[in-house]
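Here is the file data_28.csv (CSV, C-alpha atoms).
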```csv
chain,number,residue,atom,x,y,z
A,1,MET,CA,42.4,160.7,59.4
A,2,GLU,CA,40.6,160.9,62.7
A,3,THR,CA,37.5,163.0,63.3
A,4,ARG,CA,36.1,164.1,66.7
A,5,ASN,CA,33.1,161.9,66.6
A,6,SER,CA,34.7,158.7,65.4
A,7,ARG,CA,36.3,157.7,68.7
A,8,PRO,CA,37.4,154.1,69.0
A,9,THR,CA,36.3,151.8,71.8
A,10,ARG,CA,38.5,151.5,74.8
A,11,GLY,CA,41.6,149.5,74.0
A,12,GLY,CA,40.5,148.5,70.5
A,13,PRO,CA,42.4,149.2,67.4
A,14,ARG,CA,42.1,152.6,65.8
A,15,GLY,CA,40.8,152.9,62.2
A,16,ASN,CA,44.0,154.6,61.1
A,17,GLU,CA,46.4,152.2,62.9
A,18,ARG,CA,47.8,149.0,61.4
A,19,ASP,CA,50.6,146.6,62.2
A,20,SER,CA,53.2,146.3,59.5
A,21,SER,CA,55.1,143.1,58.5
A,22,ASP,CA,58.1,144.1,60.6
A,23,GLY,CA,56.1,144.2,63.8
A,24,LEU,CA,55.8,148.0,64.1
A,25,ALA,CA,52.6,149.8,64.6
A,26,GLU,CA,52.0,152.4,61.9
A,27,VAL,CA,49.5,155.3,62.6
A,28,VAL,CA,48.5,157.8,59.9
A,29,VAL,CA,48.1,161.0,61.9
A,30,HIS,CA,47.2,163.5,59.2
A,31,ILE,CA,46.7,163.7,55.4
A,32,ASN,CA,46.7,167.0,53.7
A,33,ARG,CA,45.6,167.7,50.1
A,34,ASN,CA,47.3,170.3,48.0
A,35,CYS,CA,45.9,171.7,44.8
A,36,LYS,CA,47.9,173.5,42.0
A,37,VAL,CA,45.9,175.2,39.3
A,38,VAL,CA,47.5,174.9,35.9
A,39,LYS,CA,46.4,175.6,32.3
A,40,GLY,CA,44.8,172.2,31.9
A,41,GLY,CA,42.9,172.2,35.2
A,42,LYS,CA,43.8,171.3,38.8
A,43,ARG,CA,46.7,169.1,39.9
A,44,PHE,CA,46.3,167.5,43.3
A,45,SER,CA,49.1,166.2,45.5
A,46,PHE,CA,49.0,164.8,49.0
A,47,SER,CA,51.2,164.9,52.1
A,48,ALA,CA,51.0,162.4,54.9
A,49,LEU,CA,52.2,162.5,58.6
A,50,VAL,CA,52.8,159.0,59.9
A,51,VAL,CA,54.0,157.7,63.3
A,52,VAL,CA,55.7,154.3,63.6
A,53,GLY,CA,56.5,152.6,66.9
A,54,ASP,CA,57.2,149.2,68.4
A,55,ARG,CA,55.2,149.8,71.6
A,56,GLY,CA,58.3,149.0,73.6
A,57,GLY,CA,60.0,152.4,73.9
A,58,ARG,CA,60.9,153.2,70.3
A,59,ALA,CA,59.1,155.6,67.9
A,60,GLY,CA,59.7,157.6,64.8
A,61,VAL,CA,57.8,160.2,62.8
A,62,GLY,CA,57.7,160.6,59.0
A,63,PHE,CA,56.4,163.2,56.6
A,64,ALA,CA,56.2,162.7,52.8
A,65,LYS,CA,54.5,164.1,49.7
A,66,ALA,CA,53.2,162.2,46.7
A,67,ASN,CA,50.6,162.5,43.9
A,68,ASP,CA,48.3,159.9,45.6
A,69,VAL,CA,47.5,159.1,49.2
A,70,PRO,CA,48.9,155.5,49.3
A,71,SER,CA,52.3,156.5,47.9
A,72,ALA,CA,52.5,159.4,50.4
A,73,VAL,CA,51.6,157.2,53.4
A,74,GLU,CA,54.2,154.6,52.2
A,75,LYS,CA,56.9,157.2,51.8
A,76,ALA,CA,56.1,158.7,55.2
A,77,GLY,CA,56.2,155.3,56.8
A,78,LYS,CA,59.7,154.7,55.4
A,79,ASP,CA,60.8,158.1,56.6
A,80,ALA,CA,59.4,157.3,60.1
A,81,ARG,CA,61.3,154.0,60.3
A,82,ARG,CA,64.6,155.8,59.5
A,83,SER,CA,64.0,158.4,62.2
A,84,MET,CA,63.2,156.0,65.1
A,85,PHE,CA,64.6,156.8,68.5
A,86,THR,CA,64.4,155.4,72.0
A,87,ILE,CA,62.2,157.0,74.6
A,88,PRO,CA,63.4,156.7,78.2
A,89,MET,CA,60.6,155.4,80.5
A,90,VAL,CA,60.1,154.5,84.1
A,91,GLY,CA,57.6,151.7,84.2
A,92,SER,CA,54.8,152.7,81.9
A,93,THR,CA,55.3,156.4,82.2
A,94,ILE,CA,57.9,159.1,81.5
A,95,PRO,CA,60.6,160.0,84.0
A,96,HIS,CA,59.7,163.7,84.6
A,97,LYS,CA,57.7,166.7,83.5
A,98,VAL,CA,58.9,168.1,80.2
A,99,ARG,CA,57.9,170.9,77.8
A,100,GLY,CA,58.4,170.8,74.1
A,101,ARG,CA,58.0,173.5,71.6
A,102,PHE,CA,58.1,173.9,67.8
A,103,GLY,CA,57.0,177.1,66.1
A,104,ALA,CA,53.8,178.2,67.7
A,105,GLY,CA,53.0,174.7,69.0
A,106,HIS,CA,53.8,174.0,72.7
A,107,ILE,CA,53.1,170.8,74.7
A,108,VAL,CA,53.6,169.7,78.3
A,109,LEU,CA,54.1,166.0,79.2
A,110,LEU,CA,53.5,165.0,82.8
A,111,PRO,CA,54.2,161.5,84.3
A,112,ALA,CA,51.0,159.8,85.6
A,113,PRO,CA,50.4,157.0,88.1
A,114,PRO,CA,49.7,153.5,86.7
A,115,GLY,CA,46.1,153.1,85.4
A,116,THR,CA,45.7,156.7,84.2
A,117,GLY,CA,46.2,155.9,80.5
A,118,VAL,CA,47.3,158.3,77.8
A,119,ILE,CA,45.4,161.6,78.3
A,120,ALA,CA,46.4,163.4,75.1
A,121,GLY,CA,45.1,164.9,71.8
A,122,ALA,CA,45.2,162.8,68.6
A,123,VAL,CA,48.7,163.9,67.5
A,124,ALA,CA,50.5,163.4,70.9
A,125,ARG,CA,48.5,160.2,71.6
A,126,ALA,CA,49.7,158.7,68.3
A,127,VAL,CA,53.3,159.1,69.2
A,128,LEU,CA,53.0,158.1,72.9
A,129,THR,CA,50.9,155.0,72.3
A,130,SER,CA,53.0,153.7,69.4
A,131,ALA,CA,56.1,154.2,71.6
A,132,GLY,CA,54.5,152.2,74.4
A,133,VAL,CA,54.0,154.9,77.0
A,134,GLY,CA,50.9,153.8,78.9
A,135,ASP,CA,50.4,156.5,81.5
A,136,VAL,CA,50.9,160.2,80.8
A,137,LEU,CA,49.1,163.5,80.9
A,138,THR,CA,49.5,166.1,78.2
A,139,LYS,CA,48.4,169.7,77.5
A,140,SER,CA,49.0,171.5,74.3
A,141,PHE,CA,49.1,175.3,73.9
A,142,GLY,CA,49.3,177.6,70.9
A,143,SER,CA,49.0,176.2,67.4
A,144,GLY,CA,46.9,173.1,66.8
A,145,ASN,CA,48.6,172.4,63.5
A,146,PRO,CA,49.4,168.6,63.5
A,147,SER,CA,52.9,169.1,62.1
A,148,ASN,CA,53.9,171.6,64.7
A,149,LEU,CA,52.3,169.6,67.6
A,150,MET,CA,54.1,166.5,66.3
A,151,LYS,CA,57.5,168.2,66.3
A,152,ALA,CA,56.8,169.8,69.7
A,153,THR,CA,56.0,166.3,71.1
A,154,LEU,CA,59.2,165.0,69.6
A,155,ASP,CA,61.2,167.9,71.1
A,156,ALA,CA,59.7,167.1,74.5
A,157,LEU,CA,60.5,163.3,74.2
A,158,HIS,CA,64.1,164.1,73.1
A,159,GLN,CA,64.6,166.1,76.4
A,160,LEU,CA,63.7,163.1,78.6
A,161,ARG,CA,66.4,161.6,80.8
A,162,THR,CA,66.3,158.8,83.3
A,163,ARG,CA,67.9,159.1,86.7
A,164,ASP,CA,70.8,156.8,85.6
A,165,GLN,CA,71.4,158.9,82.5
A,166,VAL,CA,71.6,162.1,84.5
A,167,GLU,CA,74.0,160.4,87.0
A,168,ALA,CA,76.2,159.2,84.1
A,169,LEU,CA,76.2,162.7,82.5
A,170,ARG,CA,77.2,164.5,85.7
A,171,GLY,CA,79.5,161.8,87.0
A,172,VAL,CA,77.9,161.9,90.5
A,173,LYS,CA,75.5,159.7,92.5
A,174,LEU,CA,72.2,161.6,93.0
A,175,PRO,CA,70.6,161.3,96.5
```
Exercise: express the given structure as structure tokens:
Amino acid sequence: METRNSRPTRGGPRGNERDSSDGLAEVVVHINRNCKVVKGGKRFSFSALVVVGDRGGRAGVGFAKANDVPSAVEKAGKDARRSMFTIPMVGSTIPHKVRGRFGAGHIVLLPAPPGTGVIAGAVARAVLTSAGVGDVLTKSFGSGNPSNLMKATLDALHQLRTRDQVEALRGVKLP
């Protein structure tokens, strides 16, 4: 879990990021603890939100629950690997401005010139950097809930189309 004051040094590995054996970067975005009060005391369970990417244009997000944190992270990582998709890019940025929304969470992704970097909050940054997007500007509105922002970011990324994809879909040559 990332806190506001524990920012990593520029370009260095994050504390919640690790490379797995299959060459994918795995980032634990959020861990939530849930408590159920029963007759004998309290039962804790945990949910994990994990992003997996190859830093080459593919990323996936997973969410899972378990009775302990390592199991929840492992299950979420497997779920993220199953849900990987390709993100269209132009150089190191996205092809066009796009808005994503899920529930009360809204996000706007803007292409940026080379050298800008990823200007984003922790949730959107995890998805974009693990996918390999190097230059992008983002702004989130509404809910700051990590799950909603993650799904809004995915909604925005699924809407992206390159010029070639649009030409193929329309069957015309764009000027």
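Minimum distance to Arg163 of chain A across A:Ile31, A:Arg58, A:Pro175, A:Lys75 (counting all atoms listed in the file) occurs at A:Pro175.
Counting only C-alpha atoms and comparing A:Gly53, A:Gly60, A:Val37, A:Gly171, the residue that lies closest to Gly23 of chain A is A:Gly53.
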Spatial neighbours of Ser140 of chain A, max dist 10 Å, all atoms listed in the file, sep filter under 4 positions, as a ChimeraX atom specification: /A:99-101,105-109,120-121,124,144,149,152-153
Near-Pro111 of chain A list (7 Å; only C-alpha atoms; drop same-chain fewer than 4 positions) as a PyMOL selection string: chain A and resi 93-97+135-137
Between atom CA of Ile119 of chain A and atom CA of Lys78 of chain A, distance in Å (one decimal): 27.9 Å
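Between atom CA of Gly132 of chain A and atom CA of Gly56 of chain A there is a distance of 5.0 Å.
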8 Å contact set for Leu160 of chain A, all atoms listed in the file, chain neighbours under 2 positions out, as a PyMOL selection string: chain A and resi 87-88+94-96+98+156-158+162
Residue neighbourhood Ser147 of chain A, 12 Å, only C-alpha atoms, exclusion window fewer than 2 positions, as a PyMOL selection string: chain A and resi 29-32+47-51+61-64+101-106+122-124+143-145+149-154
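Distances here use only C-alpha atoms; by that measure, the residue among A:Arg170, A:Asp54, A:Asn67, A:Ala112 closest to Arg81 of chain A is A:Asp54.
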Among listed residues A:Arg43, A:Arg82, A:Arg55, A:Arg33, nearest Val69 of chain A (using only C-alpha atoms): A:Arg33
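The shortest atom-to-atom distance to Thr129 of chain A, with all atoms listed in the file taken into account, belongs to A:Ala59 out of A:Val38, A:Ala59, A:Leu110, A:Ala72.
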Please complete segment 18-40 of chain A so it has N, CA and C atoms, and hand it over as a compact mmCIF listing (two decimals), in the frame of the given file.
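Everything below was put into rebuild-v8.txt:
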```
# COMPACT_ATOMS: atom_id res chain seq x y z
N ARG A 18 47.64 150.38 61.95
CA ARG A 18 47.80 149.00 61.40
C ARG A 18 49.20 148.53 61.82
N ASP A 19 49.31 147.23 61.94
CA ASP A 19 50.60 146.60 62.20
C ASP A 19 51.24 146.22 60.90
N SER A 20 52.49 146.58 60.73
CA SER A 20 53.20 146.30 59.50
C SER A 20 53.87 144.89 59.62
N SER A 21 54.46 144.44 58.54
CA SER A 21 55.10 143.10 58.50
C SER A 21 56.30 143.02 59.41
N ASP A 22 56.94 144.15 59.72
CA ASP A 22 58.10 144.10 60.60
C ASP A 22 57.80 144.28 62.06
N GLY A 23 56.51 144.16 62.43
CA GLY A 23 56.10 144.20 63.80
C GLY A 23 55.94 145.57 64.40
N LEU A 24 55.98 146.61 63.59
CA LEU A 24 55.80 148.00 64.10
C LEU A 24 54.41 148.47 63.85
N ALA A 25 53.90 149.23 64.79
CA ALA A 25 52.60 149.80 64.60
C ALA A 25 52.73 151.12 63.84
N GLU A 26 51.91 151.27 62.83
CA GLU A 26 52.00 152.40 61.90
C GLU A 26 50.66 153.19 62.04
N VAL A 27 50.71 154.48 62.40
CA VAL A 27 49.50 155.30 62.60
C VAL A 27 49.60 156.49 61.61
N VAL A 28 48.57 156.65 60.78
CA VAL A 28 48.50 157.80 59.90
C VAL A 28 47.81 158.93 60.71
N VAL A 29 48.56 159.96 61.03
CA VAL A 29 48.10 161.00 61.90
C VAL A 29 47.29 162.07 61.09
N HIS A 30 47.83 162.46 59.94
CA HIS A 30 47.20 163.50 59.20
C HIS A 30 47.51 163.38 57.70
N ILE A 31 46.52 163.63 56.86
CA ILE A 31 46.70 163.70 55.40
C ILE A 31 46.23 165.01 54.92
N ASN A 32 47.07 165.69 54.16
CA ASN A 32 46.70 167.00 53.70
C ASN A 32 46.69 166.99 52.13
N ARG A 33 45.67 167.62 51.56
CA ARG A 33 45.60 167.70 50.10
C ARG A 33 45.98 169.08 49.65
N ASN A 34 46.80 169.10 48.60
CA ASN A 34 47.30 170.30 48.00
C ASN A 34 46.82 170.42 46.59
N CYS A 35 46.44 171.60 46.15
CA CYS A 35 45.90 171.70 44.80
C CYS A 35 46.72 172.84 44.08
N LYS A 36 47.18 172.51 42.87
CA LYS A 36 47.90 173.50 42.00
C LYS A 36 47.03 173.69 40.78
N VAL A 37 46.65 174.93 40.50
CA VAL A 37 45.90 175.20 39.30
C VAL A 37 46.79 175.50 38.15
N VAL A 38 46.65 174.71 37.10
CA VAL A 38 47.50 174.90 35.90
C VAL A 38 46.57 175.09 34.70
N LYS A 39 47.17 175.27 33.56
CA LYS A 39 46.40 175.60 32.30
C LYS A 39 45.36 174.54 32.02
N GLY A 40 45.69 173.29 32.21
CA GLY A 40 44.80 172.20 31.90
C GLY A 40 43.76 171.86 32.95
```
